[in-house]
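Okay, structure first, notes after.
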Amino acid sequence: GGMISDCRIRGTTNATAAVVSRDSSAHTNWLFNCRIVSNHCTGVQLSHHVCLRNCLIADNRTTAAYAYYPGGIYVIKDAVGGVVESCTVAGNNGDYGGMRIRADTYQVVNTVIAGNTGPLADDMLVSSLNATNQFFHSCCPTFSLPAANANLQQDPRFADAGAGNYRLGNGSPCLQAGMNQPWMAAATDLEGRRRIDSVVGTVDLGCYEYPLGG
């Protein structure tokens, strides 16, 4: 598979700012440590076997020409083998707000989806109960996700969403609410902070770690 990292995609006017596509073969394409922000279209479209990691998808706006699209992330129908992890999806606007998932097996892990708006859904629309059950340790204040998977239906308390600051603020329920994973041992967040903080030892939700002792 291919890899795109450490990029900024901004100001695009196509149907989608970033399309990460793959056939149904089991080779993973990677998009990580990227900022996909302030585009005049859906931020990113994902198909089979894509890993979207440590990314900020924010302040994207779809137009009337692309009905039924979200502003943030669109997972195409029947896509398999993909994951959205440790991402922040916020401040987007589209018919389906921040995220639309039309696949039953796409996982969403350690991700914050909040502060998005749209006429048909605010933060997101998920195609089925099976798809909803693929969310783990994630936060969405306007959509009921399985609590048994350690998801949160609470305000993530961004530091200053009105100013486009989607870092977690003091007292956020998303602090130390994530699921540690092997890849995090030597990894950093979108701003270069260690994913596993040396003081508390548990990852935060979203693309940013709160600056404690690590």
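By order of appearance in the structure tokens: chains A, B, ..., then residues from 1 within every chain, and ligands from 1 in the order shown.
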
**Q.** 8 Å contact set for Thr111 of chain A, only C-alpha atoms, chain neighbours under 2 positions out, as a ChimeraX atom specification
**A.** /A:84-89,108-109,113,137-139,205-207

Report as an MDAnalysis selection string all protein, DNA and RNA residues lying within 12 Å of Asn180 of chain A, evaluated on only C-alpha atoms, omitting residues in the same chain fewer than 5 positions from it.
chainID A and resid 85:86 109:110 136:137 185:187 195:197 200:205

Restricted to N, CA, C and O atoms, what would the selected residues look like written as a tab-separated table (two decimals), in the first residue's frame?
```tsv
chain	number	residue	atom	x	y	z
A	85	GLU	N	-8.32	6.28	13.36
A	85	GLU	CA	-7.86	6.20	14.74
A	85	GLU	C	-7.08	7.44	15.15
A	85	GLU	O	-6.32	8.02	14.38
A	86	SER	N	-7.35	7.85	16.38
A	86	SER	CA	-6.67	9.01	16.98
A	86	SER	C	-6.79	10.25	16.09
A	86	SER	O	-5.81	10.96	15.84
A	109	VAL	N	-11.53	4.42	16.25
A	109	VAL	CA	-10.90	4.18	17.54
A	109	VAL	C	-10.24	5.47	18.05
A	109	VAL	O	-9.57	6.18	17.28
A	110	ASN	N	-10.43	5.79	19.31
A	110	ASN	CA	-9.73	6.93	19.94
A	110	ASN	C	-9.95	8.24	19.19
A	110	ASN	O	-9.04	9.07	19.09
A	136	PHE	N	-14.85	2.42	19.07
A	136	PHE	CA	-14.22	2.07	20.34
A	136	PHE	C	-13.50	3.29	20.91
A	136	PHE	O	-12.77	3.98	20.19
A	137	HIS	N	-13.72	3.56	22.20
A	137	HIS	CA	-13.01	4.65	22.88
A	137	HIS	C	-13.07	5.94	22.05
A	137	HIS	O	-12.05	6.60	21.83
A	185	ALA	N	3.83	3.32	21.29
A	185	ALA	CA	4.96	3.28	22.22
A	185	ALA	C	5.99	4.35	21.93
A	185	ALA	O	6.52	5.00	22.85
A	186	ALA	N	6.32	4.56	20.68
A	186	ALA	CA	7.31	5.58	20.31
A	186	ALA	C	6.69	6.67	19.45
A	186	ALA	O	7.41	7.47	18.84
A	187	ALA	N	5.37	6.74	19.40
A	187	ALA	CA	4.68	7.66	18.51
A	187	ALA	C	4.41	9.00	19.19
A	187	ALA	O	4.39	9.11	20.41
A	195	ARG	N	2.60	10.19	22.52
A	195	ARG	CA	1.25	9.66	22.62
A	195	ARG	C	0.98	9.08	24.00
A	195	ARG	O	-0.09	9.26	24.56
A	196	ILE	N	1.90	8.35	24.55
A	196	ILE	CA	1.74	7.79	25.89
A	196	ILE	C	2.48	8.69	26.86
A	196	ILE	O	3.70	8.70	26.92
A	197	ASP	N	1.72	9.49	27.60
A	197	ASP	CA	2.30	10.46	28.50
A	197	ASP	C	3.06	9.76	29.63
A	197	ASP	O	2.60	8.76	30.18
A	200	VAL	N	0.72	9.93	33.20
A	200	VAL	CA	-0.53	9.17	33.37
A	200	VAL	C	-0.55	7.86	32.61
A	200	VAL	O	-1.27	6.93	32.97
A	201	GLY	N	0.19	7.75	31.53
A	201	GLY	CA	0.35	6.47	30.85
A	201	GLY	C	-0.82	6.01	30.01
A	201	GLY	O	-0.83	4.88	29.55
A	202	THR	N	-1.82	6.87	29.79
A	202	THR	CA	-2.97	6.49	28.97
A	202	THR	C	-3.21	7.56	27.92
A	202	THR	O	-3.18	8.76	28.21
A	203	VAL	N	-3.46	7.14	26.70
A	203	VAL	CA	-3.60	8.05	25.58
A	203	VAL	C	-4.89	8.87	25.68
A	203	VAL	O	-5.91	8.39	26.20
A	204	ASP	N	-4.85	10.11	25.18
A	204	ASP	CA	-6.05	10.93	25.06
A	204	ASP	C	-6.77	10.59	23.76
A	204	ASP	O	-6.20	9.98	22.85
A	205	LEU	N	-8.02	11.02	23.65
A	205	LEU	CA	-8.76	10.88	22.40
A	205	LEU	C	-8.41	12.02	21.45
A	205	LEU	O	-8.08	13.13	21.87
```

Practice prompt. Assign secondary structure with DSSP using the backbone only, and return the residues of segment 4-213 of chain A in strand (DSSP E) as a PyMOL selection string.
Written response: chain A and resi 4-5+8-10+16-20+29-32+35-37+42-46+50-53+56-58+73-75+83-85+88-90+99-101+107-109+112-114+124-126+135-136+158-160+165-168

**Study point:** Close residues, segment 62-72 of chain A itself excluded, 10 Å, only C-alpha atoms, min 3 positions apart in chain, as a VMD selection string
**Key:** chain A and resid 13 to 17 36 to 45 56 to 59 75 88 to 101 113 116 to 125

Smallest atom-to-atom distance to Asp160 of chain A: which of A:Asp78, A:Ile4, A:Gly115, A:Pro182, using only C-alpha atoms?
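For Asp160 of chain A, the nearest of the given residues is A:Gly115.
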